[in-house]
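Encoded as structure tokens, the structure appears first; notes follow it.
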Amino acid sequence: MKFKSSYLLPCQMALMVAMGAGSALPVWSADLKLGAKLFTSECSECHTMKEGKNKKGPSIYGVLGRKAATISDYDYSSAIRSSNIVWSEAKLDEYITSPAKMVPGGKMKYEGLRDAAKRDDLIKYLKFFSE
């Protein structure tokens, strides 16, 4: 069972397990835990996993399968609006590797994550909030 009605941080889940609420929580594998840590360190300054909440960048809750630049209350660059990208795991991997290379002229001020294993963990985390 996956919780989608609210965003639970890994530490909140650990607390709930300790309090005996673990049966209602999803089982998080090591790669999801690493993905959560990577999201916090690499993405959370600009993005959130909260549906309907934008920061410097748009919310990326439910990003897999979504067409780029479709959140109505976020001001996207013309480069990403005209990209026609639909976010698949492969497209996210390419984008996270080097956003400026994939979408020249985009707003994203992130140089990229070169480590393929870390990208895979991060994408698994993003996928968890897209299913």
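So you can find residues: chains in the structure tokens are A, B, ... in the order shown, residues in each start at 1, and ligands are numbered from 1 in order.
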
Residue neighbourhood stretch 60-72 of chain A, 12 Å, only C-alpha atoms, exclusion window fewer than 4 positions, as a CSV table (one decimal) with N, CA and C atoms, in the first residue's frame:
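Output file out_15.csv is given in full below:
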```
chain,number,residue,atom,x,y,z
A,4,LYS,N,-0.5,8.2,-0.6
A,4,LYS,CA,-0.4,9.3,-1.5
A,4,LYS,C,-1.2,10.5,-1.0
A,5,SER,N,-2.0,10.4,0.0
A,5,SER,CA,-2.7,11.5,0.5
A,5,SER,C,-1.9,12.6,1.2
A,6,SER,N,-0.8,12.2,1.7
A,6,SER,CA,0.1,13.2,2.4
A,6,SER,C,1.5,12.8,2.1
A,7,TYR,N,2.4,13.7,2.2
A,7,TYR,CA,3.8,13.5,2.0
A,7,TYR,C,4.5,13.2,3.3
A,39,PHE,N,16.9,13.5,-2.9
A,39,PHE,CA,16.0,14.5,-3.2
A,39,PHE,C,16.2,15.7,-2.2
A,43,CYS,N,17.6,18.4,-4.6
A,43,CYS,CA,16.4,19.0,-5.3
A,43,CYS,C,15.5,19.9,-4.4
A,44,SER,N,15.5,19.6,-3.1
A,44,SER,CA,14.4,20.2,-2.2
A,44,SER,C,14.6,21.7,-2.0
A,46,CYS,N,14.7,23.8,-4.4
A,46,CYS,CA,13.9,24.4,-5.4
A,46,CYS,C,12.6,23.7,-5.7
A,47,HIS,N,12.5,22.4,-5.4
A,47,HIS,CA,11.3,21.6,-5.7
A,47,HIS,C,10.7,21.0,-4.4
A,48,THR,N,9.4,20.6,-4.5
A,48,THR,CA,8.8,19.9,-3.4
A,48,THR,C,8.0,18.7,-4.0
A,49,MET,N,7.8,17.8,-3.1
A,49,MET,CA,7.0,16.6,-3.5
A,49,MET,C,5.5,16.8,-3.0
A,50,LYS,N,5.2,18.0,-2.6
A,50,LYS,CA,3.8,18.3,-2.2
A,50,LYS,C,3.0,18.7,-3.4
A,51,GLU,N,1.9,18.0,-3.6
A,51,GLU,CA,1.1,18.3,-4.7
A,51,GLU,C,0.5,19.7,-4.6
A,52,GLY,N,0.6,20.5,-5.7
A,52,GLY,CA,0.0,21.8,-5.7
A,52,GLY,C,0.8,22.9,-5.0
A,53,LYS,N,2.1,22.6,-4.6
A,53,LYS,CA,3.0,23.5,-4.0
A,53,LYS,C,4.2,23.7,-4.8
A,54,ASN,N,4.5,24.9,-5.3
A,54,ASN,CA,5.7,25.2,-6.0
A,54,ASN,C,6.6,26.0,-5.2
A,55,LYS,N,7.9,25.9,-5.5
A,55,LYS,CA,8.9,26.7,-4.8
A,55,LYS,C,9.6,27.5,-5.9
A,56,LYS,N,10.9,27.6,-5.9
A,56,LYS,CA,11.6,28.2,-7.1
A,56,LYS,C,11.3,27.5,-8.3
A,76,TYR,N,7.0,28.7,-16.3
A,76,TYR,CA,8.1,28.0,-17.0
A,76,TYR,C,8.8,28.8,-18.0
A,77,SER,N,10.0,28.4,-18.3
A,77,SER,CA,10.8,29.1,-19.4
A,77,SER,C,10.1,28.7,-20.7
A,78,SER,N,10.4,29.5,-21.7
A,78,SER,CA,9.8,29.1,-23.1
A,78,SER,C,10.6,27.9,-23.6
A,79,ALA,N,11.8,27.7,-23.1
A,79,ALA,CA,12.6,26.5,-23.6
A,79,ALA,C,11.9,25.2,-23.1
A,80,ILE,N,11.5,25.1,-21.9
A,80,ILE,CA,10.9,23.9,-21.4
A,80,ILE,C,9.4,23.8,-21.9
A,81,ARG,N,8.7,24.9,-22.1
A,81,ARG,CA,7.4,24.9,-22.6
A,81,ARG,C,7.4,24.3,-24.0
A,82,SER,N,8.4,24.7,-24.8
A,82,SER,CA,8.4,24.2,-26.2
A,82,SER,C,9.1,22.9,-26.4
A,83,SER,N,9.6,22.2,-25.3
A,83,SER,CA,10.3,21.0,-25.4
A,83,SER,C,9.5,19.8,-25.8
A,84,ASN,N,8.2,19.8,-25.5
A,84,ASN,CA,7.3,18.6,-25.7
A,84,ASN,C,7.8,17.4,-25.0
A,85,ILE,N,8.5,17.5,-23.9
A,85,ILE,CA,9.0,16.4,-23.1
A,85,ILE,C,7.8,15.8,-22.3
A,86,VAL,N,7.7,14.5,-22.4
A,86,VAL,CA,6.8,13.8,-21.4
A,86,VAL,C,7.8,13.0,-20.5
A,87,TRP,N,7.7,13.3,-19.2
A,87,TRP,CA,8.6,12.7,-18.2
A,87,TRP,C,8.5,11.2,-18.0
A,88,SER,N,9.4,10.5,-18.7
A,88,SER,CA,9.5,9.1,-18.5
A,88,SER,C,10.8,8.9,-17.6
A,89,GLU,N,11.0,7.7,-17.2
A,89,GLU,CA,12.2,7.4,-16.4
A,89,GLU,C,13.5,7.8,-17.2
A,90,ALA,N,13.5,7.4,-18.5
A,90,ALA,CA,14.6,7.7,-19.4
A,90,ALA,C,14.8,9.2,-19.6
A,91,LYS,N,13.7,9.9,-19.7
A,91,LYS,CA,13.8,11.4,-19.9
A,91,LYS,C,14.3,12.1,-18.6
A,92,LEU,N,13.8,11.6,-17.5
A,92,LEU,CA,14.3,12.2,-16.2
A,92,LEU,C,15.7,11.9,-16.0
A,93,ASP,N,16.2,10.7,-16.4
A,93,ASP,CA,17.6,10.3,-16.2
A,93,ASP,C,18.4,11.3,-17.1
A,95,TYR,N,17.6,14.3,-18.2
A,95,TYR,CA,17.5,15.6,-17.7
A,95,TYR,C,18.3,15.8,-16.4
A,103,VAL,N,17.8,20.8,-22.1
A,103,VAL,CA,16.9,21.9,-22.4
A,103,VAL,C,17.7,23.2,-22.4
A,106,GLY,N,16.7,26.7,-20.5
A,106,GLY,CA,15.8,26.5,-19.4
A,106,GLY,C,16.2,27.3,-18.1
A,107,LYS,N,15.3,27.3,-17.2
A,107,LYS,CA,15.5,28.1,-15.9
A,107,LYS,C,16.4,27.3,-14.9
A,123,ILE,N,15.3,8.7,-9.2
A,123,ILE,CA,14.2,8.4,-10.1
A,123,ILE,C,13.2,7.4,-9.4
A,124,LYS,N,13.7,6.4,-8.7
A,124,LYS,CA,12.8,5.5,-8.0
A,124,LYS,C,12.0,6.2,-7.0
A,125,TYR,N,12.6,7.2,-6.3
A,125,TYR,CA,11.9,8.0,-5.3
A,125,TYR,C,10.8,8.8,-6.0
A,126,LEU,N,11.1,9.5,-7.1
A,126,LEU,CA,10.2,10.3,-7.9
A,126,LEU,C,9.0,9.4,-8.4
A,127,LYS,N,9.4,8.2,-8.8
A,127,LYS,CA,8.4,7.2,-9.4
A,127,LYS,C,7.4,6.8,-8.3
A,128,PHE,N,7.9,6.7,-7.0
A,128,PHE,CA,7.0,6.3,-5.9
A,128,PHE,C,5.9,7.3,-5.8
A,129,PHE,N,6.2,8.6,-6.0
A,129,PHE,CA,5.2,9.7,-5.9
A,129,PHE,C,4.5,9.9,-7.2
A,130,SER,N,4.6,9.1,-8.1
A,130,SER,CA,3.9,9.2,-9.4
A,130,SER,C,3.0,8.1,-9.7
A,131,GLU,N,3.0,7.1,-8.8
A,131,GLU,CA,2.1,5.9,-9.1
A,131,GLU,C,0.8,6.0,-8.3
```

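Computed from the coordinates, the atom CA of A:Glu42 to atom CA of A:Tyr74 distance equals 20.3 Å.
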
- [ ] Work out how far atom CA of A:Lys118 is from atom CA of A:Pro99, in Å to one decimal.
- [x] 15.8 Å

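Across the model, the gap from atom CA of A:Leu34 to atom CA of A:Asp121 is 6.1 Å.
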
Open item on the list: I want to know what sits within 7 Å of A:Ser98, based on only C-alpha atoms, with residues of the same chain fewer than 4 positions away left out; could you give that as an MDAnalysis selection string?
Closed with: chainID A and resid 94 102 111:112

Output file for the residues above (C-alpha atoms, as a compact mmCIF listing (two decimals), in the first residue's frame):
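selection_34.txt, written as the output of this step:
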```txt
# COMPACT_ATOMS: atom_id res chain seq x y z
CA GLU A 94 18.76 12.39 -19.19
CA MET A 102 18.75 18.58 -22.57
CA GLU A 111 24.58 21.34 -13.14
CA GLY A 112 23.44 17.74 -12.98
```

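With distances restricted to only C-alpha atoms, A:Met108 is the closest residue to A:Pro58 from A:Lys101, A:Asp31, A:Met108, A:Ile96.
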